[in-house]
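Here is input-v1.csv, consisting of CSV, C-alpha atoms:
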chain,number,residue,atom,x,y,z
A,1,LYS,CA,37.1,-0.6,1.7
A,2,SER,CA,33.9,-1.9,3.3
A,3,LYS,CA,32.7,-0.6,6.6
A,4,PRO,CA,31.2,-3.2,9.0
A,5,PRO,CA,27.4,-2.9,9.0
A,6,GLY,CA,26.1,-1.0,12.0
A,7,PRO,CA,23.0,-1.9,14.1
A,8,ALA,CA,20.1,-2.5,11.8
A,9,PRO,CA,17.3,0.1,12.3
A,10,ALA,CA,14.2,-1.7,13.5
A,11,PRO,CA,14.4,-4.5,10.9
A,12,PRO,CA,11.3,-6.0,9.5
A,13,PRO,CA,10.7,-9.8,9.5
A,14,SER,CA,13.2,-11.8,7.4
A,15,SER,CA,10.6,-11.7,4.6
A,16,PRO,CA,7.7,-9.3,5.0
A,17,PRO,CA,4.3,-10.7,4.4
A,18,GLN,CA,3.9,-11.1,0.6
A,19,PRO,CA,0.8,-10.1,-1.3
A,20,ALA,CA,-1.7,-13.0,-1.6
A,21,ILE,CA,-1.6,-14.9,-4.9
A,22,GLY,CA,-3.5,-12.8,-7.4
A,23,GLN,CA,-3.0,-9.6,-5.6
A,24,PRO,CA,-1.1,-6.5,-6.8
A,25,CYS,CA,2.5,-6.2,-5.8
A,26,SER,CA,5.1,-3.4,-5.7
A,27,VAL,CA,8.9,-3.5,-6.4
A,28,GLY,CA,11.9,-1.6,-5.1
A,29,LEU,CA,15.2,-1.5,-7.0
A,30,LEU,CA,18.6,-1.5,-5.3
A,31,ILE,CA,21.5,-0.6,-7.7
A,32,ILE,CA,24.9,-1.6,-6.2
A,33,GLY,CA,28.3,-0.6,-7.4
A,34,ASP,CA,31.1,2.0,-6.7
A,35,GLU,CA,31.4,2.3,-10.5
A,36,ILE,CA,27.9,3.8,-10.6
A,37,LEU,CA,28.5,6.4,-7.9
A,38,ASN,CA,31.9,7.5,-9.2
A,39,GLY,CA,30.6,8.0,-12.8
A,40,MET,CA,32.7,5.3,-14.4
A,41,VAL,CA,29.6,3.4,-15.6
A,42,HIS,CA,26.2,4.7,-16.7
A,43,ASP,CA,23.2,3.3,-14.7
A,44,VAL,CA,21.0,1.9,-17.5
A,45,ASN,CA,19.5,-0.9,-15.3
A,46,THR,CA,17.0,1.5,-13.6
A,47,TYR,CA,15.5,2.4,-17.0
A,48,ALA,CA,15.4,-1.3,-18.0
A,49,ALA,CA,13.7,-2.3,-14.8
A,50,ALA,CA,11.1,0.5,-15.0
A,51,LEU,CA,10.3,-0.3,-18.6
A,52,SER,CA,10.0,-4.0,-18.0
A,53,LEU,CA,7.9,-3.8,-14.8
A,54,LYS,CA,5.6,-1.2,-16.4
A,55,SER,CA,5.0,-3.5,-19.3
A,56,VAL,CA,3.3,-5.9,-16.9
A,57,SER,CA,1.6,-3.2,-14.7
A,58,VAL,CA,3.9,-3.8,-11.7
A,59,PRO,CA,4.9,-0.5,-10.1
A,60,LEU,CA,8.5,0.3,-9.5
A,61,GLU,CA,8.0,2.4,-6.4
A,62,LYS,CA,11.5,3.1,-5.1
A,63,VAL,CA,15.1,3.1,-6.3
A,64,LEU,CA,18.2,3.3,-4.2
A,65,ILE,CA,21.9,3.4,-5.3
A,66,VAL,CA,24.7,2.4,-3.0
A,67,GLY,CA,28.3,1.5,-3.4
A,68,ASP,CA,30.0,-1.9,-2.8
A,69,ASP,CA,29.6,-1.6,1.0
A,70,GLU,CA,28.0,-4.5,2.9
A,71,GLY,CA,26.6,-2.3,5.7
A,72,GLU,CA,24.9,0.1,3.3
A,73,ILE,CA,23.4,-2.7,1.3
A,74,VAL,CA,22.0,-4.3,4.4
A,75,ASP,CA,20.5,-1.1,5.6
A,76,SER,CA,19.0,-0.4,2.1
A,77,ILE,CA,17.4,-3.8,1.9
A,78,ILE,CA,15.8,-3.3,5.3
A,79,ARG,CA,14.6,0.2,4.4
A,80,LEU,CA,13.1,-1.0,1.1
A,81,SER,CA,11.5,-4.0,2.8
A,82,GLN,CA,9.3,-1.6,4.8
A,83,HIS,CA,7.8,0.0,1.6
A,84,VAL,CA,7.6,-2.6,-1.1
A,85,ASP,CA,6.6,-6.3,-1.6
A,86,TYR,CA,9.7,-7.3,-3.6
A,87,ILE,CA,13.2,-6.0,-4.0
A,88,VAL,CA,15.4,-6.4,-7.1
A,89,THR,CA,19.1,-5.9,-6.6
A,90,SER,CA,21.6,-5.2,-9.4
A,91,GLY,CA,25.3,-5.8,-9.1
A,92,GLY,CA,27.9,-7.2,-6.7
A,93,VAL,CA,27.3,-10.9,-7.3
A,94,GLY,CA,30.6,-11.9,-8.9
A,95,PRO,CA,33.5,-13.9,-7.4
A,96,THR,CA,35.8,-11.0,-6.6
A,97,HIS,CA,36.6,-9.4,-3.2
A,98,ASP,CA,34.3,-6.4,-3.8
A,99,ASP,CA,31.2,-8.5,-4.7
A,100,VAL,CA,29.5,-8.4,-1.3
A,101,THR,CA,25.8,-8.4,-2.3
A,102,MET,CA,25.2,-12.0,-1.3
A,103,LYS,CA,26.6,-11.6,2.1
A,104,ALA,CA,24.5,-8.4,2.6
A,105,VAL,CA,21.3,-10.1,1.5
A,106,ALA,CA,22.0,-13.0,3.8
A,107,LYS,CA,22.6,-10.6,6.7
A,108,ALA,CA,19.6,-8.4,6.0
A,109,LEU,CA,17.2,-11.4,5.8
A,110,SER,CA,18.8,-13.2,8.8
A,111,SER,CA,19.4,-16.2,6.4
A,112,PRO,CA,23.0,-17.4,6.7
A,113,LEU,CA,25.1,-18.2,3.7
A,114,THR,CA,25.3,-21.9,2.9
A,115,SER,CA,26.8,-23.9,0.1
A,116,ASN,CA,23.9,-24.5,-2.3
A,117,ARG,CA,24.3,-28.0,-3.9
A,118,GLU,CA,21.9,-27.3,-6.7
A,119,MET,CA,23.8,-24.2,-7.7
A,120,ILE,CA,27.1,-26.0,-7.6
A,121,ASP,CA,25.8,-28.7,-9.9
A,122,PHE,CA,24.5,-26.2,-12.3
A,123,VAL,CA,27.7,-24.1,-12.4
A,124,GLN,CA,29.8,-27.2,-13.0
A,125,SER,CA,27.5,-28.3,-15.7
A,126,GLN,CA,27.9,-25.0,-17.4
A,127,GLY,CA,31.6,-25.1,-17.2
A,128,GLY,CA,31.9,-28.6,-18.6
A,129,SER,CA,33.5,-30.0,-15.5
A,130,GLU,CA,32.7,-33.4,-14.1
A,131,PRO,CA,30.5,-33.6,-10.9
A,132,THR,CA,33.3,-35.6,-9.2
A,133,GLU,CA,35.8,-32.7,-9.7
A,134,PRO,CA,36.1,-30.4,-6.7
A,135,PRO,CA,34.5,-26.9,-7.3
A,136,SER,CA,36.9,-24.1,-7.8
A,137,GLU,CA,37.2,-21.3,-5.3
A,138,ALA,CA,35.3,-18.9,-7.6
A,139,THR,CA,32.5,-21.5,-8.0
A,140,LEU,CA,32.3,-22.0,-4.3
A,141,LYS,CA,31.9,-18.3,-3.6
A,142,MET,CA,29.2,-17.9,-6.3
A,143,CYS,CA,27.4,-20.9,-4.9
A,144,ASN,CA,27.4,-19.7,-1.3
A,145,LEU,CA,23.8,-18.5,-1.1
A,146,PRO,CA,21.4,-17.4,1.7
A,147,SER,CA,19.7,-20.5,3.2
A,148,ASN,CA,16.3,-19.3,2.0
A,149,SER,CA,17.4,-19.1,-1.6
A,150,GLU,CA,15.3,-20.5,-4.4
A,151,LEU,CA,16.6,-21.0,-7.9
A,152,LEU,CA,14.0,-20.1,-10.5
A,153,PHE,CA,14.7,-21.6,-13.9
A,154,LEU,CA,12.4,-19.2,-15.7
A,155,ASN,CA,14.1,-19.6,-19.0
A,156,GLY,CA,14.7,-23.4,-19.2
A,157,PRO,CA,16.9,-25.7,-17.1
A,158,GLU,CA,19.9,-25.1,-19.3
A,159,ASN,CA,20.0,-21.3,-18.7
A,160,TRP,CA,21.2,-19.5,-15.6
A,161,PRO,CA,18.5,-19.3,-13.0
A,162,VAL,CA,17.1,-16.2,-11.3
A,163,LEU,CA,17.9,-16.2,-7.6
A,164,LEU,CA,15.1,-15.4,-5.2
A,165,CYS,CA,16.0,-15.0,-1.5
A,166,GLY,CA,12.8,-14.6,0.4
A,167,HIS,CA,11.4,-11.4,-1.2
A,168,VAL,CA,14.7,-10.3,-2.8
A,169,PHE,CA,15.5,-11.1,-6.5
A,170,VAL,CA,19.4,-11.0,-6.8
A,171,LEU,CA,20.4,-10.1,-10.3
A,172,PRO,CA,23.7,-9.4,-12.0
A,173,GLY,CA,24.7,-5.8,-12.7
A,174,ILE,CA,26.1,-6.2,-16.2
A,175,PRO,CA,23.3,-4.5,-18.3
A,176,GLU,CA,23.1,-7.2,-20.9
A,177,PHE,CA,22.5,-9.8,-18.3
A,178,PHE,CA,20.3,-7.6,-16.1
A,179,ASP,CA,18.0,-6.7,-18.9
A,180,LYS,CA,17.3,-10.4,-19.7
A,181,LYS,CA,16.8,-11.3,-16.0
A,182,ILE,CA,14.5,-8.4,-15.2
A,183,GLN,CA,12.3,-9.4,-18.1
A,184,LEU,CA,12.0,-12.9,-16.7
A,185,VAL,CA,11.3,-11.5,-13.2
A,186,SER,CA,8.6,-9.2,-14.6
A,187,GLN,CA,6.9,-12.1,-16.4
A,188,HIS,CA,7.2,-14.1,-13.2
A,189,LEU,CA,5.4,-11.4,-11.2
A,190,GLN,CA,2.8,-11.0,-13.9
A,191,PHE,CA,2.1,-14.7,-13.6
A,192,GLN,CA,1.8,-14.4,-9.9
A,193,LYS,CA,-0.7,-11.6,-10.2
A,194,SER,CA,-2.8,-13.5,-12.7
A,195,ARG,CA,-3.1,-16.6,-10.6
A,196,PRO,CA,-6.4,-17.1,-8.9
A,197,SER,CA,-7.1,-15.7,-5.5
A,198,ALA,CA,-8.4,-18.6,-3.5
A,199,ILE,CA,-10.0,-19.1,-0.1
A,200,ARG,CA,-10.4,-22.4,1.7
A,201,VAL,CA,-12.9,-22.8,4.5
A,202,VAL,CA,-12.9,-25.8,6.8
A,203,LEU,CA,-16.2,-26.5,8.6
A,204,ASN,CA,-17.3,-28.9,11.3
A,205,ALA,CA,-20.9,-28.9,9.9
A,206,GLU,CA,-22.4,-31.5,7.6
A,207,GLU,CA,-22.6,-30.4,4.0
A,208,THR,CA,-26.4,-30.9,4.0
A,209,LYS,CA,-26.7,-28.3,6.8
A,210,ILE,CA,-25.0,-25.5,4.8
A,211,VAL,CA,-26.8,-25.9,1.5
A,212,THR,CA,-29.1,-22.9,1.9
A,213,LEU,CA,-26.3,-20.6,3.0
A,214,LEU,CA,-23.9,-21.9,0.4
A,215,ASN,CA,-26.5,-21.3,-2.3
A,216,LYS,CA,-26.7,-17.7,-1.2
A,217,VAL,CA,-22.9,-17.4,-1.4
A,218,VAL,CA,-23.0,-18.8,-4.9
A,219,LYS,CA,-25.8,-16.4,-5.9
A,220,ASN,CA,-23.9,-13.4,-4.5
A,221,ASN,CA,-20.7,-14.3,-6.4
A,222,PRO,CA,-21.5,-15.4,-10.0
A,223,ASP,CA,-17.9,-14.9,-11.1
A,224,VAL,CA,-16.4,-17.0,-8.3
A,225,GLN,CA,-15.8,-20.7,-8.7
A,226,ILE,CA,-17.2,-22.4,-5.6
A,227,GLY,CA,-16.7,-26.0,-4.6
A,228,SER,CA,-18.0,-28.0,-1.6
A,229,TYR,CA,-16.4,-31.3,-0.5
A,230,PRO,CA,-17.9,-33.5,2.3
A,231,TYR,CA,-15.7,-35.6,4.6
A,232,VAL,CA,-17.4,-38.7,6.0
A,233,SER,CA,-14.9,-40.3,8.3
A,234,ASN,CA,-12.9,-37.4,9.6
A,235,PRO,CA,-13.9,-36.5,13.2
A,236,GLU,CA,-12.5,-33.0,13.1
A,237,LEU,CA,-14.0,-31.7,9.9
A,238,LYS,CA,-17.2,-32.4,8.0
A,239,THR,CA,-17.0,-30.1,4.9
A,240,VAL,CA,-14.4,-28.1,3.0
A,241,VAL,CA,-15.6,-25.2,0.8
A,242,THR,CA,-13.2,-23.6,-1.7
A,243,LEU,CA,-13.7,-20.2,-3.4
A,244,GLU,CA,-11.6,-19.0,-6.3
A,245,ALA,CA,-11.5,-15.8,-8.4
A,246,ARG,CA,-9.2,-14.1,-10.8
A,247,SER,CA,-7.2,-11.0,-9.7
A,248,LYS,CA,-9.1,-8.7,-12.0
A,249,LEU,CA,-12.2,-9.4,-9.8
A,250,GLU,CA,-10.8,-7.7,-6.7
A,251,PRO,CA,-14.3,-6.5,-5.4
A,252,LYS,CA,-15.5,-10.1,-5.8
A,253,VAL,CA,-12.6,-11.4,-3.9
A,254,ARG,CA,-13.2,-9.1,-1.0
A,255,ARG,CA,-16.9,-9.9,-1.0
A,256,MET,CA,-16.0,-13.6,-1.2
A,257,SER,CA,-13.9,-13.2,1.9
A,258,ARG,CA,-16.8,-11.6,3.8
A,259,ASP,CA,-19.2,-14.4,2.8
A,260,ALA,CA,-16.6,-17.0,3.8
A,261,GLU,CA,-16.4,-15.4,7.3
A,262,GLN,CA,-20.2,-15.4,7.5
A,263,LEU,CA,-20.2,-19.1,6.6
A,264,LYS,CA,-17.8,-19.9,9.4
A,265,ARG,CA,-19.6,-17.8,12.0
A,266,MET,CA,-23.0,-19.4,11.2
A,267,VAL,CA,-21.9,-23.1,11.1
A,268,GLY,CA,-18.6,-23.2,12.8
A,269,GLY,CA,-15.1,-23.9,11.6
A,270,ALA,CA,-11.7,-22.6,10.9
A,271,SER,CA,-10.1,-21.5,7.6

Rewrite the coordinates I just gave you, this time as structure tokens.
Amino acid sequence: KSKPPGPAPAPPPSSPPQPAIGQPCSVGLLIIGDEILNGMVHDVNTYAAALSLKSVSVPLEKVLIVGDDEGEIVDSIIRLSQHVDYIVTSGGVGPTHDDVTMKAVAKALSSPLTSNREMIDFVQSQGGSEPTEPPSEATLKMCNLPSNSELLFLNGPENWPVLLCGHVFVLPGIPEFFDKKIQLVSQHLQFQKSRPSAIRVVLNAEETKIVTLLNKVVKNNPDVQIGSYPYVSNPELKTVVTLEARSKLEPKVRRMSRDAEQLKRMVGGAS
């Protein structure tokens, strides 16, 4: 049923550079399932994703629909990665033979499948089995995850986690479950956007020598929190300056970056 994946077209890095904390991000959606393409099931997950992401001002920029074909899923992830910061997949994550999403994600991200102990423990705890009991074949398949996987327990440690592989959120295709997970993902991305943008500048100049210039930076950026920390006994650094601003202050953040570069050029150092 599934054709072997062909040569990947100029793949991007395993995980493309992500937007800095506090910066805007974009999302692409990959709907997976033969049942969608042959009309047996309505695709309601695209609408759910668009609605949820819009509610937190995260743009859904592209949507692709493919069947349960490993090669097509790999190619789609690679293509989407060239245009968006994060990808959300829907479908193909069950234990049956046609659930190939996890294999495709692993291949697209060059992150081989490995048995995830954290996921095994969680699945066994949900099923009521003892940790000493060997996992079932279905459990083992569901717990074979890309090596760069991260389990995000966004709704408490007792509820199923959201799986993040690099820049790819892997979600179930069943609409009831997808709807709950995409809301958690949206809230997670909103939180990432609202976290401070921060810059750390390491200088080999004494703090007393940068007071005048640092005061100028503070004056130019009244909405930016600036800290200066002297190091007395470190031979390689003398002062660390931190600059922090909220994402809604993007012009301030950009100006803050320029002032930090000026600071480095004038007194020496590396960020």

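Interatomic distance, CA of Ala48 in chain A to CA of Asp68 in chain A: 21.1 Å.
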
Determine, counting all atoms listed in the file, every residue of protein, DNA or RNA that lies within 8 Å of (22.7, 0.9, -14.9) in the file coordinates, then give the result as a VMD selection string. chain A and resid 31 36 41 to 47 173 to 175

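The shortest atom-to-atom distance to Val202 in chain A, with all atoms listed in the file taken into account, belongs to A:Val241 out of A:Val218, A:Val241, A:Ile182, A:Ala108.
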
Coordinates-based distance that separates CA of Leu113 in chain A from CA of Leu163 in chain A (Å, one decimal):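 The value is 13.5 Å.
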
Atomic separation - CA of Asp69 in chain A relative to CA of His167 in chain A, Å: 20.8 Å

For Val56 in chain A, which of A:Thr96, A:Gln187, A:Asn204, A:Asn144 is the closest residue, counting only C-alpha atoms? A:Gln187

With all atoms listed in the file as the atoms that count, which of A:Ile120, A:His188, A:Phe178, A:Leu237 lies nearest to Leu152 in chain A? A:His188

Spatial neighbours of Gln126 in chain A, 9 Å, all atoms listed in the file, chain gap at least 5 places, as JSON, numbers by chain: {"A": [121, 158, 159, 160]}

How would you write as a list in words the residues that get within 8 Å of (-16.7, -19.6, -10.0) in the file's frame, counting all atoms listed in the file?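 Protein and nucleic acid residues near the point are Asn221, Pro222, Asp223, Val224, Gln225, Ile226, Leu243, Glu244 and Ala245 of chain A.
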
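Closest approach to Gly91 in chain A among A:Leu37, A:Val201, A:Val27, A:Leu171: A:Leu171, based on all atoms listed in the file.
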
Can you pull out every residue within 10 Å of His83 in chain A, counting only C-alpha atoms, but drop anything in the same chain fewer than 3 positions away, and send it as a ChimeraX atom specification? /A:16,26-28,61-62,78-80,86-87

For Thr101 in chain A, which residue among A:Gly39, A:Gly71, A:Pro135, A:Pro59 is the nearest when counting all atoms listed in the file? A:Gly71

I need the residue nearest Val168 in chain A from this list: A:Ser81, A:Asn215, A:Gln190, A:Asn116. Use all atoms listed in the file for the distance.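 Closest to Val168 in chain A of all the choices is A:Ser81.
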
For range 199-206 of chain A, what centre and edge lengths in Å (one decimal) does the axis-aligned box get once 8 Å is added on each side of all its listed atoms, as JSON?
{"center_x": -16.2, "center_y": -25.3, "center_z": 5.6, "size_x": 28.4, "size_y": 28.4, "size_z": 27.4}

Which residues are close to Tyr229 in chain A, i.e. within 10 Å by all atoms listed in the file, leaving aside same-chain residues fewer than 6 positions away? Reply as a ChimeraX atom specification. /A:202,207,238-242
